[in-house]
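The file data.cif contains mmCIF, C-alpha atoms:
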```
data_coords
loop_
_atom_site.group_PDB
_atom_site.id
_atom_site.type_symbol
_atom_site.label_atom_id
_atom_site.label_comp_id
_atom_site.auth_asym_id
_atom_site.auth_seq_id
_atom_site.Cartn_x
_atom_site.Cartn_y
_atom_site.Cartn_z
ATOM 1 C CA MET A 29 251.685 -12.119 40.470
ATOM 2 C CA SER A 30 251.314 -10.783 44.010
ATOM 3 C CA SER A 31 251.869 -7.082 44.567
ATOM 4 C CA GLU A 32 253.916 -8.002 47.645
ATOM 5 C CA VAL A 33 257.071 -8.352 45.496
ATOM 6 C CA SER A 34 259.277 -5.314 46.217
ATOM 7 C CA GLU A 35 262.851 -4.129 45.887
ATOM 8 C CA PRO A 36 265.423 -6.837 46.778
ATOM 9 C CA GLY A 37 267.148 -4.681 49.393
ATOM 10 C CA ALA A 38 263.876 -4.034 51.199
ATOM 11 C CA ILE A 39 263.045 -7.738 51.151
ATOM 12 C CA ASP A 40 266.462 -8.645 52.569
ATOM 13 C CA GLY A 41 265.962 -6.184 55.413
ATOM 14 C CA ARG A 42 262.494 -7.441 56.244
ATOM 15 C CA ILE A 43 263.564 -11.084 56.253
ATOM 16 C CA ARG A 44 266.512 -10.350 58.522
ATOM 17 C CA SER A 45 264.408 -8.224 60.873
ATOM 18 C CA LEU A 46 261.997 -11.115 61.481
ATOM 19 C CA ARG A 47 264.658 -13.626 62.434
ATOM 20 C CA PRO A 48 264.791 -14.834 66.034
ATOM 21 C CA PRO A 49 268.118 -14.555 67.889
ATOM 22 C CA LYS A 50 270.673 -17.091 66.748
ATOM 23 C CA PRO A 51 273.074 -18.977 69.018
ATOM 24 C CA VAL A 52 276.737 -18.089 69.287
ATOM 25 C CA VAL A 53 278.692 -20.090 66.704
ATOM 26 C CA ASP A 54 282.322 -21.160 67.143
ATOM 27 C CA PRO A 55 284.009 -20.905 63.709
ATOM 28 C CA TRP A 56 286.677 -23.390 64.781
ATOM 29 C CA LYS A 57 284.262 -26.198 65.556
ATOM 30 C CA ALA A 58 281.954 -28.029 63.138
ATOM 31 C CA HIS A 59 278.308 -28.210 64.152
ATOM 32 C CA GLY A 60 278.385 -31.950 63.721
ATOM 33 C CA SER A 61 278.711 -34.745 61.200
ATOM 34 C CA LEU A 62 276.686 -37.608 59.787
ATOM 35 C CA LEU A 63 278.039 -40.916 58.483
ATOM 36 C CA GLU A 64 275.510 -42.855 56.445
ATOM 37 C CA ASP A 65 275.011 -45.130 53.465
ATOM 38 C CA GLU A 66 273.977 -43.204 50.362
ATOM 39 C CA ARG A 67 272.660 -44.543 47.076
ATOM 40 C CA ARG A 68 274.102 -43.348 43.789
ATOM 41 C CA PRO A 69 272.926 -43.678 40.175
ATOM 42 C CA GLY A 70 273.323 -47.272 39.052
ATOM 43 C CA GLY A 71 272.385 -48.634 42.474
ATOM 44 C CA GLY A 72 275.789 -48.490 44.130
ATOM 45 C CA ILE A 73 275.993 -47.622 47.831
ATOM 46 C CA GLU A 74 278.566 -45.183 49.174
ATOM 47 C CA ARG A 75 279.704 -44.611 52.731
ATOM 48 C CA SER A 76 279.110 -40.867 52.936
ATOM 49 C CA LEU A 77 280.353 -38.426 55.570
ATOM 50 C CA THR A 78 278.588 -35.064 55.827
ATOM 51 C CA ILE A 79 280.328 -32.342 57.833
ATOM 52 C CA PHE A 80 278.181 -29.408 58.911
ATOM 53 C CA LEU A 81 280.727 -26.608 58.883
ATOM 54 C CA ALA A 82 280.584 -23.269 60.688
ATOM 55 C CA GLY A 83 281.479 -20.113 58.764
ATOM 56 C CA ALA A 84 280.277 -16.896 57.190
ATOM 57 C CA GLU A 85 276.640 -16.381 56.281
ATOM 58 C CA CYS A 86 275.446 -16.693 52.698
ATOM 59 C CA PRO A 87 274.994 -13.272 51.016
ATOM 60 C CA PHE A 88 271.714 -14.404 49.424
ATOM 61 C CA THR A 89 268.899 -13.796 51.911
ATOM 62 C CA CYS A 90 266.448 -16.470 50.812
ATOM 63 C CA ALA A 91 262.982 -16.161 52.311
ATOM 64 C CA PHE A 92 262.841 -19.816 53.367
ATOM 65 C CA CYS A 93 266.379 -20.195 54.738
ATOM 66 C CA ASP A 94 267.051 -21.417 58.254
ATOM 67 C CA LEU A 95 270.779 -22.053 57.763
ATOM 68 C CA TRP A 96 271.775 -18.519 58.810
ATOM 69 C CA ARG A 97 271.510 -19.622 62.442
ATOM 70 C CA TYR A 98 274.528 -21.894 61.900
ATOM 71 C CA THR A 99 276.773 -19.080 60.646
ATOM 72 C CA ILE A 100 278.984 -16.412 62.187
ATOM 73 C CA ASP A 101 278.952 -12.649 61.861
ATOM 74 C CA GLY A 102 281.711 -11.598 59.489
ATOM 75 C CA PRO A 103 284.024 -13.642 57.259
ATOM 76 C CA THR A 104 285.263 -17.113 58.121
ATOM 77 C CA PRO A 105 288.711 -16.936 59.780
ATOM 78 C CA ALA A 106 291.584 -18.351 57.725
ATOM 79 C CA GLY A 107 292.323 -21.916 58.796
ATOM 80 C CA ALA A 108 288.956 -22.491 60.474
ATOM 81 C CA ILE A 109 287.406 -24.694 57.769
ATOM 82 C CA PRO A 110 290.476 -26.988 57.484
ATOM 83 C CA ARG A 111 290.518 -27.316 61.278
ATOM 84 C CA GLN A 112 286.884 -28.396 61.348
ATOM 85 C CA ILE A 113 287.442 -30.924 58.568
ATOM 86 C CA ALA A 114 290.601 -32.344 60.140
ATOM 87 C CA ASP A 115 288.999 -32.712 63.571
ATOM 88 C CA THR A 116 285.952 -34.460 62.117
ATOM 89 C CA LEU A 117 287.988 -36.851 59.951
ATOM 90 C CA ALA A 118 290.120 -37.734 62.969
ATOM 91 C CA SER A 119 286.976 -38.864 64.789
ATOM 92 C CA VAL A 120 285.881 -41.249 62.014
ATOM 93 C CA ARG A 121 286.842 -44.838 62.709
ATOM 94 C CA GLY A 122 287.823 -47.318 60.046
ATOM 95 C CA ALA A 123 288.573 -46.669 56.408
ATOM 96 C CA PRO A 124 288.004 -43.227 54.891
ATOM 97 C CA PRO A 125 284.453 -42.674 53.624
ATOM 98 C CA ASP A 126 283.734 -42.973 49.908
ATOM 99 C CA ARG A 127 282.299 -39.459 49.826
ATOM 100 C CA ILE A 128 282.679 -36.351 51.944
ATOM 101 C CA LYS A 129 280.058 -33.609 51.834
ATOM 102 C CA LEU A 130 281.306 -30.215 52.991
ATOM 103 C CA TYR A 131 278.148 -28.281 53.847
ATOM 104 C CA ASN A 132 278.976 -24.815 55.160
ATOM 105 C CA ALA A 133 275.463 -23.269 55.216
ATOM 106 C CA SER A 134 276.667 -20.863 52.533
ATOM 107 C CA ASN A 135 278.545 -21.038 49.226
ATOM 108 C CA PHE A 136 281.795 -22.966 49.044
ATOM 109 C CA PHE A 137 283.108 -20.774 46.212
ATOM 110 C CA ASP A 138 282.514 -17.522 48.105
ATOM 111 C CA GLY A 139 285.903 -16.422 49.427
ATOM 112 C CA ARG A 140 284.233 -14.796 52.421
ATOM 113 C CA ALA A 141 282.813 -18.179 53.465
ATOM 114 C CA VAL A 142 285.774 -20.378 52.477
ATOM 115 C CA PRO A 143 289.020 -18.393 52.262
ATOM 116 C CA ILE A 144 290.863 -19.076 49.012
ATOM 117 C CA GLY A 145 294.077 -19.652 50.928
ATOM 118 C CA ASP A 146 292.469 -22.629 52.670
ATOM 119 C CA LEU A 147 291.685 -24.551 49.491
ATOM 120 C CA PRO A 148 295.071 -26.341 49.186
ATOM 121 C CA ARG A 149 294.783 -27.652 52.752
ATOM 122 C CA ILE A 150 291.167 -28.701 52.223
ATOM 123 C CA ALA A 151 292.190 -30.585 49.071
ATOM 124 C CA GLU A 152 295.006 -32.270 50.999
ATOM 125 C CA LEU A 153 292.679 -33.368 53.806
ATOM 126 C CA CYS A 154 290.214 -34.814 51.294
ATOM 127 C CA ALA A 155 292.856 -36.583 49.188
ATOM 128 C CA PRO A 156 292.071 -40.114 50.511
ATOM 129 C CA ILE A 157 288.378 -39.703 49.649
ATOM 130 C CA SER A 158 287.144 -40.572 46.159
ATOM 131 C CA SER A 159 284.270 -38.069 45.910
ATOM 132 C CA ILE A 160 283.743 -34.589 47.346
ATOM 133 C CA THR A 161 280.464 -32.680 47.458
ATOM 134 C CA VAL A 162 280.286 -28.958 48.190
ATOM 135 C CA GLU A 163 277.285 -26.629 48.153
ATOM 136 C CA SER A 164 276.964 -23.474 46.099
ATOM 137 C CA HIS A 165 274.435 -21.007 44.792
ATOM 138 C CA ALA A 166 274.325 -21.248 40.998
ATOM 139 C CA ASN A 167 275.588 -17.652 40.814
ATOM 140 C CA THR A 168 278.931 -18.605 42.396
ATOM 141 C CA VAL A 169 279.640 -21.562 40.095
ATOM 142 C CA GLY A 170 282.445 -20.705 37.683
ATOM 143 C CA PRO A 171 286.255 -20.441 37.504
ATOM 144 C CA LYS A 172 286.704 -21.031 41.252
ATOM 145 C CA THR A 173 284.781 -24.274 40.844
ATOM 146 C CA LEU A 174 287.198 -25.476 38.189
ATOM 147 C CA ASP A 175 290.175 -24.402 40.269
ATOM 148 C CA PHE A 176 289.012 -26.514 43.208
ATOM 149 C CA ALA A 177 288.171 -29.461 40.945
ATOM 150 C CA ARG A 178 291.757 -29.423 39.672
ATOM 151 C CA ARG A 179 293.175 -29.334 43.197
ATOM 152 C CA ILE A 180 291.410 -32.437 44.490
ATOM 153 C CA ARG A 181 292.248 -36.037 43.665
ATOM 154 C CA GLY A 182 288.668 -37.297 43.782
ATOM 155 C CA GLY A 183 285.660 -36.373 41.723
ATOM 156 C CA LEU A 184 283.791 -33.164 42.504
ATOM 157 C CA GLU A 185 280.042 -32.781 42.904
ATOM 158 C CA VAL A 186 278.339 -29.408 43.398
ATOM 159 C CA ALA A 187 275.030 -29.223 45.255
ATOM 160 C CA MET A 188 272.820 -26.349 44.072
ATOM 161 C CA GLY A 189 269.425 -25.197 45.229
ATOM 162 C CA LEU A 190 266.833 -25.131 42.455
ATOM 163 C CA GLU A 191 264.062 -25.024 45.103
ATOM 164 C CA THR A 192 261.092 -24.854 42.716
ATOM 165 C CA ILE A 193 260.173 -24.175 39.114
ATOM 166 C CA HIS A 194 256.779 -22.770 40.156
ATOM 167 C CA ARG A 195 256.835 -19.262 38.712
ATOM 168 C CA GLU A 196 255.111 -17.293 41.468
ATOM 169 C CA ALA A 197 256.797 -19.220 44.252
ATOM 170 C CA ARG A 198 260.223 -18.511 42.740
ATOM 171 C CA ALA A 199 259.389 -14.812 42.567
ATOM 172 C CA HIS A 200 258.865 -14.749 46.331
ATOM 173 C CA LEU A 201 261.868 -16.823 47.433
ATOM 174 C CA ASN A 202 264.293 -13.873 47.192
ATOM 175 C CA LYS A 203 266.934 -16.308 45.935
ATOM 176 C CA HIS A 204 268.288 -14.008 43.198
ATOM 177 C CA LEU A 205 268.175 -16.895 40.735
ATOM 178 C CA ASP A 206 266.293 -17.441 37.502
ATOM 179 C CA LEU A 207 265.996 -20.732 35.666
ATOM 180 C CA GLY A 208 268.305 -19.549 32.891
ATOM 181 C CA ARG A 209 271.142 -19.024 35.345
ATOM 182 C CA PHE A 210 270.508 -22.397 36.956
ATOM 183 C CA ASP A 211 270.557 -24.068 33.541
ATOM 184 C CA ALA A 212 273.802 -22.308 32.640
ATOM 185 C CA ALA A 213 275.464 -23.458 35.868
ATOM 186 C CA ALA A 214 274.263 -27.033 35.297
ATOM 187 C CA CYS A 215 275.668 -26.987 31.752
ATOM 188 C CA PHE A 216 278.959 -25.559 32.996
ATOM 189 C CA LEU A 217 279.324 -28.399 35.494
ATOM 190 C CA ALA A 218 278.428 -31.051 32.925
ATOM 191 C CA ASP A 219 280.832 -29.634 30.340
ATOM 192 C CA ASN A 220 283.650 -29.830 32.881
ATOM 193 C CA GLY A 221 282.937 -33.320 34.190
ATOM 194 C CA ILE A 222 281.599 -32.132 37.553
ATOM 195 C CA ALA A 223 278.572 -33.909 38.998
ATOM 196 C CA LEU A 224 275.413 -32.066 39.996
ATOM 197 C CA ARG A 225 273.272 -32.535 43.092
ATOM 198 C CA VAL A 226 270.087 -30.481 43.443
ATOM 199 C CA PHE A 227 267.849 -29.403 46.308
ATOM 200 C CA VAL A 228 264.123 -28.887 45.696
ATOM 201 C CA LEU A 229 261.492 -27.700 48.146
ATOM 202 C CA LEU A 230 258.306 -29.390 49.222
ATOM 203 C CA GLY A 231 255.838 -26.783 50.446
ATOM 204 C CA ALA A 232 257.183 -23.698 48.684
ATOM 205 C CA PRO A 233 255.148 -20.572 49.547
ATOM 206 C CA TYR A 234 252.503 -19.365 47.087
ATOM 207 C CA VAL A 235 251.976 -22.877 45.710
ATOM 208 C CA THR A 236 248.255 -23.648 45.775
ATOM 209 C CA LEU A 237 247.254 -25.860 48.673
ATOM 210 C CA GLY A 238 247.056 -29.433 47.461
ATOM 211 C CA LEU A 239 249.601 -28.968 44.677
ATOM 212 C CA SER A 240 252.739 -28.993 46.816
ATOM 213 C CA VAL A 241 253.633 -32.596 45.927
ATOM 214 C CA GLU A 242 252.997 -31.998 42.233
ATOM 215 C CA TRP A 243 255.349 -29.016 42.050
ATOM 216 C CA ALA A 244 258.054 -30.728 44.097
ATOM 217 C CA VAL A 245 257.996 -33.656 41.658
ATOM 218 C CA ARG A 246 257.978 -31.336 38.621
ATOM 219 C CA SER A 247 260.984 -29.507 40.053
ATOM 220 C CA ALA A 248 262.814 -32.792 40.653
ATOM 221 C CA GLU A 249 262.062 -33.793 37.040
ATOM 222 C CA TYR A 250 263.456 -30.473 35.833
ATOM 223 C CA ALA A 251 266.690 -31.088 37.748
ATOM 224 C CA ALA A 252 266.954 -34.641 36.422
ATOM 225 C CA GLN A 253 266.533 -33.409 32.854
ATOM 226 C CA ARG A 254 269.510 -31.100 33.424
ATOM 227 C CA GLY A 255 271.802 -33.898 34.501
ATOM 228 C CA ALA A 256 271.386 -34.043 38.264
ATOM 229 C CA ALA A 257 272.880 -37.233 39.649
ATOM 230 C CA ALA A 258 271.025 -36.715 42.916
ATOM 231 C CA VAL A 259 268.009 -34.692 44.009
ATOM 232 C CA SER A 260 267.021 -34.119 47.613
ATOM 233 C CA ILE A 261 263.424 -33.153 48.385
ATOM 234 C CA ILE A 262 263.481 -30.813 51.371
ATOM 235 C CA PRO A 263 260.258 -30.134 53.285
ATOM 236 C CA LEU A 264 260.188 -26.405 53.943
ATOM 237 C CA ARG A 265 260.359 -25.644 57.641
ATOM 238 C CA GLY A 266 259.248 -22.609 59.589
ATOM 239 C CA GLY A 267 261.145 -20.926 62.395
ATOM 240 C CA ASN A 268 262.864 -18.051 60.601
ATOM 241 C CA GLY A 269 260.109 -15.482 61.064
ATOM 242 C CA GLU A 270 259.457 -14.906 57.377
ATOM 243 C CA MET A 271 257.715 -18.245 56.906
ATOM 244 C CA GLU A 272 255.503 -17.482 59.905
ATOM 245 C CA ARG A 273 254.624 -14.132 58.333
ATOM 246 C CA LEU A 274 253.697 -15.841 55.066
ATOM 247 C CA ALA A 275 251.692 -18.486 56.925
ATOM 248 C CA ALA A 276 249.704 -15.752 58.694
ATOM 249 C CA LEU A 277 248.900 -14.245 55.285
ATOM 250 C CA GLY A 278 247.761 -17.610 53.956
ATOM 251 C CA HIS A 279 250.702 -17.978 51.544
ATOM 252 C CA PHE A 280 252.465 -20.880 53.260
ATOM 253 C CA THR A 281 251.247 -24.160 54.716
ATOM 254 C CA PRO A 282 253.869 -26.457 56.279
ATOM 255 C CA PRO A 283 254.140 -29.722 54.329
ATOM 256 C CA THR A 284 253.150 -32.946 56.036
ATOM 257 C CA LEU A 285 255.047 -36.188 56.438
ATOM 258 C CA LEU A 286 252.473 -37.876 54.194
ATOM 259 C CA GLU A 287 253.167 -35.304 51.445
ATOM 260 C CA LEU A 288 256.898 -35.966 51.696
ATOM 261 C CA GLU A 289 256.238 -39.689 51.394
ATOM 262 C CA SER A 290 253.938 -39.106 48.405
ATOM 263 C CA ALA A 291 256.537 -36.961 46.640
ATOM 264 C CA LEU A 292 259.276 -39.541 47.105
ATOM 265 C CA ASP A 293 257.009 -42.387 45.984
ATOM 266 C CA ARG A 294 256.494 -40.590 42.668
ATOM 267 C CA CYS A 295 260.263 -40.384 42.109
ATOM 268 C CA VAL A 296 261.207 -43.957 42.993
ATOM 269 C CA GLY A 297 262.852 -45.924 40.207
ATOM 270 C CA TRP A 298 264.262 -43.073 38.127
ATOM 271 C CA GLU A 299 267.138 -44.494 36.106
ATOM 272 C CA THR A 300 269.788 -41.749 36.022
ATOM 273 C CA THR A 301 268.884 -39.638 39.048
ATOM 274 C CA VAL A 302 268.699 -40.706 42.680
ATOM 275 C CA VAL A 303 265.888 -38.878 44.479
ATOM 276 C CA THR A 304 265.784 -38.912 48.272
ATOM 277 C CA ALA A 305 263.738 -37.266 51.000
ATOM 278 C CA ASP A 306 265.628 -34.954 53.348
ATOM 279 C CA LEU A 307 264.799 -36.280 56.804
ATOM 280 C CA TRP A 308 266.555 -33.581 58.833
ATOM 281 C CA ASP A 309 264.016 -32.656 61.551
ATOM 282 C CA ALA A 310 261.405 -34.755 59.734
ATOM 283 C CA GLU A 311 259.920 -35.695 63.099
ATOM 284 C CA ARG A 312 258.648 -32.102 63.285
ATOM 285 C CA LEU A 313 256.466 -32.459 60.187
ATOM 286 C CA PRO A 314 252.706 -32.592 60.785
ATOM 287 C CA ALA A 315 251.759 -36.264 60.837
ATOM 288 C CA CYS A 316 249.334 -38.805 62.194
ATOM 289 C CA PRO A 317 250.751 -40.004 65.531
ATOM 290 C CA HIS A 318 249.595 -43.556 64.875
ATOM 291 C CA CYS A 319 251.673 -44.114 61.719
ATOM 292 C CA HIS A 320 254.368 -41.439 62.143
ATOM 293 C CA ASP A 321 257.203 -43.799 63.068
ATOM 294 C CA ALA A 322 256.309 -46.362 60.401
ATOM 295 C CA ARG A 323 256.312 -43.681 57.688
ATOM 296 C CA LEU A 324 259.698 -42.330 58.788
ATOM 297 C CA ASP A 325 261.144 -45.862 58.734
ATOM 298 C CA ARG A 326 259.725 -46.395 55.244
ATOM 299 C CA LEU A 327 261.269 -43.139 53.996
ATOM 300 C CA ARG A 328 264.656 -44.149 55.391
ATOM 301 C CA ARG A 329 264.458 -47.465 53.522
ATOM 302 C CA LEU A 330 263.363 -45.845 50.271
ATOM 303 C CA ASN A 331 266.256 -43.394 50.491
ATOM 304 C CA VAL A 332 268.759 -46.232 50.582
ATOM 305 C CA THR A 333 267.145 -48.893 48.393
ATOM 306 C CA GLY A 334 265.295 -46.799 45.812
ATOM 307 C CA ARG A 335 262.848 -49.665 45.461
ATOM 308 C CA ALA A 336 259.077 -49.219 45.574
ATOM 309 C CA GLU A 337 257.311 -50.543 48.663
ATOM 310 C CA PRO A 338 253.636 -51.035 49.516
ATOM 311 C CA PRO A 339 252.185 -47.905 51.123
ATOM 312 C CA ILE A 340 251.634 -47.648 54.859
ATOM 313 C CA ARG A 341 248.068 -48.500 55.787
ATOM 314 C CA CYS A 342 246.818 -46.628 58.819
ATOM 315 C CA ASP A 343 243.375 -47.211 60.346
ATOM 316 C CA ILE A 344 243.286 -43.584 61.456
ATOM 317 C CA CYS A 345 244.584 -41.330 58.656
ATOM 318 C CA THR A 346 244.150 -43.527 55.570
ATOM 319 C CA ASP A 347 240.784 -45.131 56.350
ATOM 320 C CA PRO A 348 238.373 -43.522 53.834
ATOM 321 C CA GLN A 349 235.512 -43.948 56.333
ATOM 322 C CA ARG A 350 237.307 -41.613 58.734
ATOM 323 C CA THR A 351 238.069 -38.799 56.271
#
```
In structure tokens, how does this file's structure come out?
Amino acid sequence: MSSEVSEPGAIDGRIRSLRPPKPVVDPWKAHGSLLEDERRPGGGIERSLTIFLAGAECPFTCAFCDLWRYTIDGPTPAGAIPRQIADTLASVRGAPPDRIKLYNASNFFDGRAVPIGDLPRIAELCAPISSITVESHANTVGPKTLDFARRIRGGLEVAMGLETIHREARAHLNKHLDLGRFDAAACFLADNGIALRVFVLLGAPYVTLGLSVEWAVRSAEYAAQRGAAAVSIIPLRGGNGEMERLAALGHFTPPTLLELESALDRCVGWETTVVTADLWDAERLPACPHCHDARLDRLRRLNVTGRAEPPIRCDICTDPQRT
């Protein structure tokens, strides 16, 4: 294992010191929302509303994280999260969505990020919606999770970051999470009838070049074996300073659009777990300009249908005579 691993506090400080300036964030206004069709186990399609909430920063300073730029300095003001949810729901036309995903760039069960006093109002706002997804580090899953599950009328799903099961990569993520703790949180959710959604990384640092797809798929398999109803493969992005530092040292290579497509292709057709590719900023991924748009369109279709499709044939990047 690399000798670069050091004390957690020192790592936190270094990661934070490399960050570029972040924009001013208004805690009373959501960053935005996304209404889309989402596939669930069994093939059903849900109308899903994701709200990107503004609030306090996550206390876990993960090396790969770029969500800190969407957070505020200090705790989330009381009443701010309900206001953001209410304003977003008021802008949605038609019937309520089937699912609402409350993504606050932190941990929903951290009282500094989501004040405990706001939970009754949040539950009230979400009452017409059959399923609610919140995000949380495995370390904050516990009694507060059960308390919120009892408050809401719909079913609860918790989205947790597994990131990778690659041993050395995990040691350098600074996530403060081992596989035992992840497994315990997954069991806790299953034992209490709470669904599990998992995030895994494509392009984790310290993974040998050429094996990025393999380890993303292995990590997705690990999540599926622990009951994940949904797994999202997230291509690791730069821009936070730390990833640029690791790239300069030869420990990180940004994943390509073709690698994301390859990873998803290997997970198509799983029976009990829906695997999708996270396409947020996917246009930034290194890709052949001649087939870029066609590959993105194919990924969007695979995300919704879950059905295998013939691969994209490109005369430039997939012609063996040109490689």
*Matched chain/residue IDs from the PyMOL selection byres ((chain A and resi 299-311) around 9), as a PyMOL selection string*: chain A and resi 67-71+248+251-252+255-263+265+285+288-289+291-292+295-298+312-315+320-321+324+327-328+330-332+334
*Could you jot down the CA of Phe216 (chain A) to CA of Ala197 (chain A) separation for me, Å, one decimal place?*
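Rounded to one decimal, the two atoms are 25.7 Å apart.
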Cut-off 12 Å: closest region 187-251 of chain A/region 117-132 of chain A atom pairs per residue, using only C-alpha atoms, as a tab-separated table:
```
residue	atom	partner	partner_atom	distance
A:Ala187	CA	A:Tyr131	CA	9.2
A:Met188	CA	A:Tyr131	CA	11.3
A:Arg225	CA	A:Lys129	CA	11.1
```
*asked:* With all atoms listed in the file as the counted atoms, please give the residues lying no more than 8 Å from Arg47 (chain A), apart from itself and same-chain residues fewer than 2 positions off, as number ranges by chain.
replied: A: 43-45, 49, 268-270
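Using all atoms listed in the file, the nearest neighbour of Val169 (chain A) within the list A:Val142, A:Leu217, A:Leu46, A:Ala232 is A:Leu217.
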_One decimal, in Å: what's the spacing between CA of Ser290 (chain A) and CA of Gly266 (chain A)?_
20.6 Å
